[in-house]
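> entry25.cif is reproduced below (mmCIF, C-alpha atoms).
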data_final
#
loop_
_atom_site.group_PDB
_atom_site.id
_atom_site.type_symbol
_atom_site.label_atom_id
_atom_site.label_comp_id
_atom_site.auth_asym_id
_atom_site.auth_seq_id
_atom_site.Cartn_x
_atom_site.Cartn_y
_atom_site.Cartn_z
ATOM 1 C CA MET A 1 -62.663 121.075 -24.428
ATOM 2 C CA THR A 2 -58.998 120.283 -24.199
ATOM 3 C CA GLY A 3 -56.375 122.573 -22.725
ATOM 4 C CA GLU A 4 -55.047 123.300 -26.193
ATOM 5 C CA ALA A 5 -58.451 124.494 -27.406
ATOM 6 C CA VAL A 6 -58.875 126.780 -24.382
ATOM 7 C CA GLY A 7 -55.387 128.218 -24.938
ATOM 8 C CA PHE A 8 -56.054 128.661 -28.646
ATOM 9 C CA TRP A 9 -59.315 130.576 -28.144
ATOM 10 C CA CYS A 10 -57.827 132.798 -25.419
ATOM 11 C CA LEU A 11 -54.741 133.574 -27.499
ATOM 12 C CA SER A 12 -56.866 134.174 -30.616
ATOM 13 C CA ALA A 13 -59.031 136.687 -28.770
ATOM 14 C CA LEU A 14 -55.903 138.377 -27.397
ATOM 15 C CA LEU A 15 -54.208 138.431 -30.799
ATOM 16 C CA ILE A 16 -57.182 139.737 -32.783
ATOM 17 C CA GLY A 17 -58.095 142.282 -30.114
ATOM 18 C CA SER A 18 -54.601 143.696 -29.856
ATOM 19 C CA ALA A 19 -54.197 143.669 -33.668
ATOM 20 C CA LEU A 20 -57.398 145.719 -33.977
ATOM 21 C CA ALA A 21 -56.074 148.084 -31.310
ATOM 22 C CA VAL A 22 -52.815 148.483 -33.282
ATOM 23 C CA VAL A 23 -54.642 149.703 -36.390
ATOM 24 C CA LEU A 24 -57.382 151.708 -34.629
ATOM 25 C CA THR A 25 -55.666 153.504 -31.718
ATOM 26 C CA LYS A 26 -55.187 157.223 -32.227
ATOM 27 C CA ASN A 27 -52.012 157.469 -30.150
ATOM 28 C CA LEU A 28 -49.062 156.006 -32.043
ATOM 29 C CA PHE A 29 -47.151 155.160 -28.870
ATOM 30 C CA HIS A 30 -50.090 153.114 -27.596
ATOM 31 C CA ALA A 31 -50.284 151.378 -30.976
ATOM 32 C CA VAL A 32 -46.673 150.218 -30.584
ATOM 33 C CA LEU A 33 -47.445 148.880 -27.094
ATOM 34 C CA TRP A 34 -50.476 147.005 -28.500
ATOM 35 C CA LEU A 35 -48.189 145.611 -31.194
ATOM 36 C CA ALA A 36 -45.913 144.285 -28.442
ATOM 37 C CA LEU A 37 -48.931 142.518 -26.927
ATOM 38 C CA ALA A 38 -49.909 141.074 -30.330
ATOM 39 C CA LEU A 39 -46.371 139.759 -30.865
ATOM 40 C CA THR A 40 -46.384 138.181 -27.406
ATOM 41 C CA GLY A 41 -49.706 136.507 -28.262
ATOM 42 C CA THR A 42 -48.090 135.123 -31.412
ATOM 43 C CA ALA A 43 -45.296 133.700 -29.267
ATOM 44 C CA GLY A 44 -48.033 131.936 -27.275
ATOM 45 C CA ILE A 45 -49.472 130.495 -30.515
ATOM 46 C CA PHE A 46 -45.986 129.205 -31.364
ATOM 47 C CA LEU A 47 -45.855 127.534 -27.944
ATOM 48 C CA LEU A 48 -49.193 125.834 -28.693
ATOM 49 C CA LEU A 49 -47.617 124.516 -31.911
ATOM 50 C CA ASP A 50 -44.690 122.987 -29.956
ATOM 51 C CA ALA A 51 -42.183 125.502 -31.335
ATOM 52 C CA GLU A 52 -40.541 126.670 -28.090
ATOM 53 C CA PHE A 53 -37.436 127.959 -29.830
ATOM 54 C CA LEU A 54 -39.459 130.125 -32.198
ATOM 55 C CA ALA A 55 -41.490 131.504 -29.290
ATOM 56 C CA ALA A 56 -38.255 132.542 -27.571
ATOM 57 C CA VAL A 57 -36.897 134.097 -30.790
ATOM 58 C CA GLN A 58 -40.208 135.897 -31.288
ATOM 59 C CA LEU A 59 -40.077 137.403 -27.807
ATOM 60 C CA LEU A 60 -36.397 138.353 -28.048
ATOM 61 C CA LEU A 61 -36.305 139.793 -31.566
ATOM 62 C CA TYR A 62 -39.835 141.106 -32.097
ATOM 63 C CA ALA A 63 -41.188 142.073 -28.729
ATOM 64 C CA GLY A 64 -37.727 143.005 -27.468
ATOM 65 C CA GLY A 65 -35.936 144.392 -30.498
ATOM 66 C CA ILE A 66 -38.461 145.817 -32.917
ATOM 67 C CA VAL A 67 -40.692 147.413 -30.287
ATOM 68 C CA THR A 68 -37.659 149.100 -28.698
ATOM 69 C CA VAL A 69 -36.533 150.449 -32.075
ATOM 70 C CA MET A 70 -40.055 151.681 -32.845
ATOM 71 C CA VAL A 71 -40.313 153.472 -29.492
ATOM 72 C CA PHE A 72 -36.927 155.070 -30.163
ATOM 73 C CA ALA A 73 -38.086 156.190 -33.611
ATOM 74 C CA ILE A 74 -41.253 157.738 -32.165
ATOM 75 C CA VAL A 75 -39.328 159.553 -29.427
ATOM 76 C CA VAL A 76 -36.745 160.882 -31.890
ATOM 77 C CA THR A 77 -39.232 162.018 -34.535
ATOM 78 C CA GLU A 78 -41.512 163.581 -31.958
ATOM 79 C CA LYS A 79 -38.592 165.714 -30.852
ATOM 80 C CA LEU A 80 -37.758 166.550 -34.458
ATOM 81 C CA VAL A 81 -41.242 167.573 -35.437
ATOM 82 C CA GLY A 82 -42.026 169.212 -32.123
ATOM 83 C CA GLU A 83 -45.626 168.051 -31.966
ATOM 84 C CA ARG A 84 -47.327 164.957 -30.658
ATOM 85 C CA LEU A 85 -47.542 162.122 -33.141
ATOM 86 C CA SER A 86 -51.228 161.386 -33.011
ATOM 87 C CA GLN A 87 -52.245 159.607 -36.145
ATOM 88 C CA THR A 88 -55.398 159.901 -38.114
ATOM 89 C CA SER A 89 -56.732 157.403 -40.600
ATOM 90 C CA ARG A 90 -58.306 157.914 -43.993
ATOM 91 C CA ARG A 91 -60.507 155.863 -46.312
ATOM 92 C CA ILE A 92 -61.632 153.667 -43.424
ATOM 93 C CA ALA A 93 -64.651 152.292 -45.327
ATOM 94 C CA GLY A 94 -62.593 151.361 -48.393
ATOM 95 C CA GLY A 95 -59.896 149.761 -46.277
ATOM 96 C CA ALA A 96 -62.472 147.804 -44.268
ATOM 97 C CA VAL A 97 -64.141 146.536 -47.448
ATOM 98 C CA ALA A 98 -60.802 145.543 -49.031
ATOM 99 C CA SER A 99 -59.463 143.731 -45.961
ATOM 100 C CA GLY A 100 -62.849 142.141 -45.245
ATOM 101 C CA LEU A 101 -63.000 140.799 -48.806
ATOM 102 C CA LEU A 102 -59.457 139.446 -48.494
ATOM 103 C CA ALA A 103 -60.270 137.751 -45.179
ATOM 104 C CA TRP A 104 -63.458 136.245 -46.638
ATOM 105 C CA LEU A 105 -61.535 134.992 -49.703
ATOM 106 C CA ILE A 106 -58.795 133.301 -47.664
ATOM 107 C CA VAL A 107 -61.145 131.852 -45.045
ATOM 108 C CA SER A 108 -63.536 130.426 -47.655
ATOM 109 C CA ALA A 109 -60.588 128.871 -49.508
ATOM 110 C CA VAL A 110 -59.293 127.390 -46.237
ATOM 111 C CA MET A 111 -62.720 126.017 -45.307
ATOM 112 C CA GLU A 112 -63.277 124.418 -48.701
ATOM 113 C CA ARG A 113 -60.284 122.091 -48.587
ATOM 114 C CA PRO A 114 -59.992 119.096 -46.300
ATOM 115 C CA LEU A 115 -56.989 120.026 -44.155
ATOM 116 C CA ALA A 116 -55.082 118.051 -41.564
ATOM 117 C CA THR A 117 -56.722 117.873 -38.152
ATOM 118 C CA THR A 118 -54.105 115.747 -36.432
ATOM 119 C CA ARG A 119 -50.442 116.511 -35.978
ATOM 120 C CA MET A 120 -47.754 114.383 -37.539
ATOM 121 C CA PRO A 121 -45.092 113.064 -35.182
ATOM 122 C CA MET A 122 -41.971 115.191 -35.005
ATOM 123 C CA ALA A 123 -38.621 114.951 -33.268
ATOM 124 C CA ASP A 124 -38.777 115.248 -29.481
ATOM 125 C CA ASP A 125 -36.337 118.135 -29.304
ATOM 126 C CA LEU A 126 -37.399 120.524 -32.067
ATOM 127 C CA THR A 127 -34.760 123.078 -31.144
ATOM 128 C CA GLN A 128 -32.013 120.562 -31.811
ATOM 129 C CA GLU A 129 -33.709 119.543 -35.051
ATOM 130 C CA ILE A 130 -33.953 123.163 -36.227
ATOM 131 C CA GLY A 131 -30.308 123.836 -35.371
ATOM 132 C CA GLU A 132 -29.059 120.749 -37.168
ATOM 133 C CA THR A 133 -31.125 121.402 -40.300
ATOM 134 C CA VAL A 134 -30.120 125.076 -40.473
ATOM 135 C CA LEU A 135 -26.438 124.163 -40.416
ATOM 136 C CA THR A 136 -26.683 121.252 -42.848
ATOM 137 C CA ARG A 137 -29.424 121.493 -45.457
ATOM 138 C CA PHE A 138 -30.033 125.246 -45.202
ATOM 139 C CA VAL A 139 -26.469 126.427 -44.626
ATOM 140 C CA LEU A 140 -26.339 128.486 -47.861
ATOM 141 C CA PRO A 141 -29.515 130.523 -47.146
ATOM 142 C CA PHE A 142 -28.215 130.945 -43.601
ATOM 143 C CA GLU A 143 -24.988 132.488 -44.871
ATOM 144 C CA LEU A 144 -26.920 134.654 -47.335
ATOM 145 C CA LEU A 145 -28.956 135.868 -44.383
ATOM 146 C CA ALA A 146 -25.710 136.955 -42.711
ATOM 147 C CA VAL A 147 -24.841 138.952 -45.856
ATOM 148 C CA LEU A 148 -28.312 140.545 -45.764
ATOM 149 C CA MET A 149 -27.854 141.451 -42.107
ATOM 150 C CA LEU A 150 -24.501 143.079 -42.921
ATOM 151 C CA ALA A 151 -26.048 145.039 -45.796
ATOM 152 C CA GLY A 152 -28.876 146.178 -43.503
ATOM 153 C CA LEU A 153 -26.395 147.244 -40.833
ATOM 154 C CA MET A 154 -24.291 149.210 -43.327
ATOM 155 C CA SER A 155 -27.283 150.970 -44.860
ATOM 156 C CA ALA A 156 -28.672 151.845 -41.423
ATOM 157 C CA ILE A 157 -25.317 153.453 -40.578
ATOM 158 C CA TYR A 158 -25.391 155.252 -43.953
ATOM 159 C CA PHE A 159 -28.891 156.600 -43.296
ATOM 160 C CA ALA A 160 -28.001 157.653 -39.777
ATOM 161 C CA ARG A 161 -24.841 159.556 -40.765
ATOM 162 C CA PRO A 162 -24.582 163.159 -39.535
ATOM 163 C CA GLU A 163 -25.536 165.830 -42.028
ATOM 164 C CA GLU A 164 -22.655 167.360 -43.912
ATOM 165 C CA MET B 1 -57.491 122.343 -32.897
ATOM 166 C CA GLY B 2 -56.993 121.551 -36.556
ATOM 167 C CA LEU B 3 -54.914 123.297 -39.158
ATOM 168 C CA GLN B 4 -57.966 125.250 -40.349
ATOM 169 C CA ALA B 5 -58.302 127.140 -37.077
ATOM 170 C CA TYR B 6 -54.712 128.359 -37.202
ATOM 171 C CA LEU B 7 -54.968 129.333 -40.886
ATOM 172 C CA THR B 8 -58.200 131.257 -40.222
ATOM 173 C CA LEU B 9 -56.613 133.120 -37.317
ATOM 174 C CA ALA B 10 -53.620 134.038 -39.497
ATOM 175 C CA ALA B 11 -55.927 135.213 -42.317
ATOM 176 C CA ILE B 12 -57.863 137.483 -39.929
ATOM 177 C CA VAL B 13 -54.701 139.003 -38.469
ATOM 178 C CA PHE B 14 -53.301 139.492 -41.997
ATOM 179 C CA SER B 15 -56.456 141.349 -43.045
ATOM 180 C CA ILE B 16 -56.294 143.571 -39.968
ATOM 181 C CA GLY B 17 -52.683 144.395 -40.865
ATOM 182 C CA LEU B 18 -53.744 145.187 -44.446
ATOM 183 C CA PHE B 19 -56.447 147.491 -43.067
ATOM 184 C CA GLY B 20 -53.785 149.314 -41.059
ATOM 185 C CA VAL B 21 -51.488 149.677 -44.079
ATOM 186 C CA VAL B 22 -54.304 151.060 -46.248
ATOM 187 C CA THR B 23 -55.828 153.461 -43.740
ATOM 188 C CA ARG B 24 -52.926 154.826 -41.709
ATOM 189 C CA ARG B 25 -51.594 158.226 -42.754
ATOM 190 C CA ASN B 26 -48.543 158.048 -40.510
ATOM 191 C CA THR B 27 -45.496 156.258 -41.941
ATOM 192 C CA ILE B 28 -44.691 154.514 -38.662
ATOM 193 C CA GLY B 29 -48.330 153.385 -38.470
ATOM 194 C CA ILE B 30 -47.981 151.803 -41.924
ATOM 195 C CA LEU B 31 -44.851 149.989 -40.714
ATOM 196 C CA LEU B 32 -46.816 148.645 -37.728
ATOM 197 C CA GLY B 33 -49.412 147.204 -40.138
ATOM 198 C CA ILE B 34 -46.674 145.539 -42.188
ATOM 199 C CA GLU B 35 -45.287 143.973 -39.003
ATOM 200 C CA LEU B 36 -48.726 142.503 -38.246
ATOM 201 C CA MET B 37 -48.981 141.023 -41.766
ATOM 202 C CA LEU B 38 -45.514 139.436 -41.597
ATOM 203 C CA ASN B 39 -46.353 138.083 -38.164
ATOM 204 C CA SER B 40 -49.493 136.322 -39.409
ATOM 205 C CA VAL B 41 -47.484 134.712 -42.214
ATOM 206 C CA ASN B 42 -45.183 133.275 -39.547
ATOM 207 C CA ILE B 43 -48.201 131.687 -37.826
ATOM 208 C CA ASN B 44 -49.135 130.057 -41.147
ATOM 209 C CA LEU B 45 -45.625 128.694 -41.675
ATOM 210 C CA VAL B 46 -45.343 127.223 -38.178
ATOM 211 C CA ALA B 47 -48.844 125.698 -38.339
ATOM 212 C CA PHE B 48 -48.198 124.020 -41.695
ATOM 213 C CA SER B 49 -44.822 122.812 -40.422
ATOM 214 C CA ARG B 50 -46.302 121.322 -37.243
ATOM 215 C CA PHE B 51 -49.243 119.617 -38.947
ATOM 216 C CA SER B 52 -47.165 118.111 -41.760
ATOM 217 C CA GLY B 53 -44.386 116.960 -39.441
ATOM 218 C CA ASP B 54 -41.667 118.744 -41.409
ATOM 219 C CA VAL B 55 -39.265 121.106 -39.669
ATOM 220 C CA THR B 56 -38.629 123.172 -42.850
ATOM 221 C CA GLY B 57 -41.466 125.610 -42.154
ATOM 222 C CA MET B 58 -40.035 126.489 -38.754
ATOM 223 C CA ILE B 59 -36.641 127.199 -40.331
ATOM 224 C CA PHE B 60 -38.397 129.441 -42.851
ATOM 225 C CA THR B 61 -39.921 131.249 -39.887
ATOM 226 C CA VAL B 62 -36.475 131.857 -38.405
ATOM 227 C CA PHE B 63 -35.423 133.352 -41.745
ATOM 228 C CA THR B 64 -38.502 135.554 -42.092
ATOM 229 C CA ILE B 65 -38.095 136.824 -38.523
ATOM 230 C CA CYS B 66 -34.501 137.845 -39.300
ATOM 231 C CA ILE B 67 -35.542 139.544 -42.550
ATOM 232 C CA THR B 68 -38.363 141.346 -40.735
ATOM 233 C CA VAL B 69 -35.928 142.704 -38.174
ATOM 234 C CA VAL B 70 -33.701 144.098 -40.942
ATOM 235 C CA GLU B 71 -36.787 145.517 -42.681
ATOM 236 C CA ALA B 72 -38.019 147.250 -39.542
ATOM 237 C CA ALA B 73 -34.609 148.723 -38.740
ATOM 238 C CA LEU B 74 -34.149 150.044 -42.292
ATOM 239 C CA GLY B 75 -37.742 151.264 -42.596
ATOM 240 C CA LEU B 76 -37.456 153.253 -39.382
ATOM 241 C CA ALA B 77 -34.063 154.627 -40.464
ATOM 242 C CA ILE B 78 -35.679 155.826 -43.702
ATOM 243 C CA VAL B 79 -38.596 157.340 -41.759
ATOM 244 C CA ILE B 80 -36.224 159.239 -39.458
ATOM 245 C CA LEU B 81 -34.209 160.447 -42.464
ATOM 246 C CA LEU B 82 -37.421 161.602 -44.151
ATOM 247 C CA PHE B 83 -38.379 163.527 -41.019
ATOM 248 C CA ARG B 84 -34.977 165.168 -41.030
ATOM 249 C CA VAL B 85 -35.219 166.213 -44.675
ATOM 250 C CA ARG B 86 -38.941 166.878 -45.231
ATOM 251 C CA ARG B 87 -40.154 167.595 -41.659
ATOM 252 C CA THR B 88 -43.351 165.623 -42.173
ATOM 253 C CA VAL B 89 -44.807 162.395 -40.798
ATOM 254 C CA THR B 90 -47.662 161.923 -43.226
ATOM 255 C CA ALA B 91 -47.400 159.549 -46.154
ATOM 256 C CA ASP B 92 -49.660 161.837 -48.243
ATOM 257 C CA HIS B 93 -47.066 164.593 -48.127
ATOM 258 C CA LEU B 94 -44.250 162.349 -49.391
ATOM 259 C CA ASP B 95 -45.114 162.660 -53.075
ATOM 260 C CA LEU B 96 -41.786 163.745 -54.588
ATOM 261 C CA LEU B 97 -41.961 161.003 -57.229
ATOM 262 C CA LYS B 98 -45.543 161.820 -58.233
ATOM 263 C CA GLY B 99 -45.700 162.758 -61.923
#
Give the structure from this file in structure tokens form.

Amino acid sequence: MTGEAVGFWCLSALLIGSALAVVLTKNLFHAVLWLALALTGTAGIFLLLDAEFLAAVQLLLYAGGIVTVMVFAIVVTEKLVGERLSQTSRRIAGGAVASGLLAWLIVSAVMERPLATTRMPMADDLTQEIGETVLTRFVLPFELLAVLMLAGLMSAIYFARPEE
Amino acid sequence: MGLQAYLTLAAIVFSIGLFGVVTRRNTIGILLGIELMLNSVNINLVAFSRFSGDVTGMIFTVFTICITVVEAALGLAIVILLFRVRRTVTADHLDLLKG
């Protein structure tokens, strides 16, 4: 077994285990912490796929940003409601059947097709390649993304305004 | 490891996220499930990009990560606003638009 295979199986176990913990834990705060672990595992998968830049972005934006915002939201709403935010689930059997069917459908479709087993050669420095392509071929979507970010910022300020 | 292994892993994580979205009663819990689903899509994009030798998929991943951040920030802002107005955390109680 190569080092990549060992890393892949370890990270897969980590990712699936923490994802299951996210959806099954009773305590919402713990679920957010498990989500942070799952996102870090995804960053590891990105590293296995030679995407160092994306792994760094994943850690900074997801594990850093989103988890912090979620923890803030839980703290704030807990104060507002005045009771602990334990969460219960409903229709567990139906949800398990639906998601199990979906997983079986996708996995059987993936297994049926002959897919690539070897990696195509890519540029040595993928970060440089990504940066150059974003600012040349994908410059218009990049700018649109800036507009979307601005709209998101403005609407977050609108939602967070003090009550009249 | 071939492309199939990565796609299978992403499919399993996506299904777990779907399970969370369907079964959670808490709005923040539903948002956590959506994060998991978006995350597994990113794995798919990067794997396809790496195995086909084209950097486009990785750029798509950068875009989806940015959009996810905006989505999470806005979703949580809406949740906090809902708490302020309706004083409830449960998605079942938020049925103002129900006919």
> With only C-alpha atoms counted and 7 Å as the cut-off, give the residues of chain B in contact with chain A, each with its shortest interatomic distance in Å and the pair that gives it, as CSV.

residue,atom,partner,partner_atom,distance
B:Met1,CA,A:Ala5,CA,6.0
B:Gly2,CA,A:Thr117,CA,4.0
B:Leu3,CA,A:Ala116,CA,5.8
B:Gln4,CA,A:Val110,CA,6.4
B:Thr8,CA,A:Val107,CA,5.7
B:Leu9,CA,A:Ser12,CA,6.8
B:Ala11,CA,A:Ala103,CA,5.8
B:Ile12,CA,A:Ala103,CA,5.8
B:Val13,CA,A:Ile16,CA,6.2
B:Ser15,CA,A:Ser99,CA,4.8
B:Ile16,CA,A:Leu20,CA,6.5
B:Leu18,CA,A:Ser99,CA,6.1
B:Phe19,CA,A:Gly95,CA,5.2
B:Gly20,CA,A:Val23,CA,4.8
B:Val22,CA,A:Gly95,CA,5.7
B:Thr23,CA,A:Arg90,CA,5.1
B:Arg24,CA,A:Ser89,CA,4.7
B:Arg25,CA,A:Ser89,CA,5.6
B:Asn26,CA,A:Gln87,CA,5.9
B:Gly29,CA,A:Leu28,CA,7.0
B:Gly33,CA,A:Val23,CA,6.9
B:Ala47,CA,A:Leu49,CA,6.6
B:Arg50,CA,A:Leu49,CA,6.4
B:Phe51,CA,A:Arg119,CA,4.5
B:Ser52,CA,A:Met120,CA,5.7
B:Gly53,CA,A:Met120,CA,4.6
B:Val55,CA,A:Ile130,CA,6.7
B:Ile59,CA,A:Ile130,CA,6.4
B:Val69,CA,A:Ile66,CA,6.6
B:Val70,CA,A:Gly152,CA,5.8
B:Ala72,CA,A:Ile66,CA,6.8
B:Leu74,CA,A:Ala156,CA,5.8
B:Leu76,CA,A:Ala73,CA,6.5
B:Ala77,CA,A:Ala156,CA,6.1
B:Ile78,CA,A:Phe159,CA,6.8
B:Ile80,CA,A:Thr77,CA,6.4
B:Leu81,CA,A:Phe159,CA,6.6
B:Phe83,CA,A:Thr77,CA,6.7
B:Arg87,CA,A:Val81,CA,6.3
> Taking all atoms listed in the file into account, which of A:Leu11, A:Glu132, A:Gly3, A:His30 comes nearest Thr56 of chain B?
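So, comparing all the options, the nearest one is A:Glu132.
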> Could you tell me how far atom CA of Trp34 of chain A lies from atom CA of Phe60 of chain B, in Å and to one decimal?
25.7 Å
> To one decimal place, how far is atom CA of Met58 of chain B from atom CA of Asn42 of chain B in Å?
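Atom CA of Asn42 of chain B lies 8.6 Å from atom CA of Met58 of chain B.
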> In Å to one decimal, how far is atom CA of Asn44 of chain B from atom CA of Ala56 of chain A?
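Result for atom CA of Ala56 of chain A versus atom CA of Asn44 of chain B: 17.6 Å, one decimal.
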> Please determine an axis-aligned box that encloses all atoms of segment 11-18 of chain B listed in the file, with 5 Å added on each side, and express its centre and edge lengths in Å to one decimal as lines of an AutoDock Vina configuration file.

center_x = -55.3
center_y = 140.2
center_z = -41.5
size_x = 15.2
size_y = 20.0
size_z = 16.0
> Would you mind telling me which residue in B:Asp54, B:Phe63, B:Leu45, B:Gly75 lies nearest to Leu32 of chain B when using only C-alpha atoms?
B:Gly75
> Which residues come within 8 Å of Thr68 of chain B, counting only C-alpha atoms, excluding same-chain residues fewer than 4 positions away, as a PDB file with C-alpha atoms, in the coordinates of the input?

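The resulting around-v2.pdb:
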ATOM      1  CA  GLU B  35     -45.287 143.973 -39.003  1.00  0.00           C
ATOM      2  CA  LEU B  38     -45.514 139.436 -41.597  1.00  0.00           C
ATOM      3  CA  THR B  64     -38.502 135.554 -42.092  1.00  0.00           C
ATOM      4  CA  ALA B  72     -38.019 147.250 -39.542  1.00  0.00           C
TER       5      ALA B  72
END
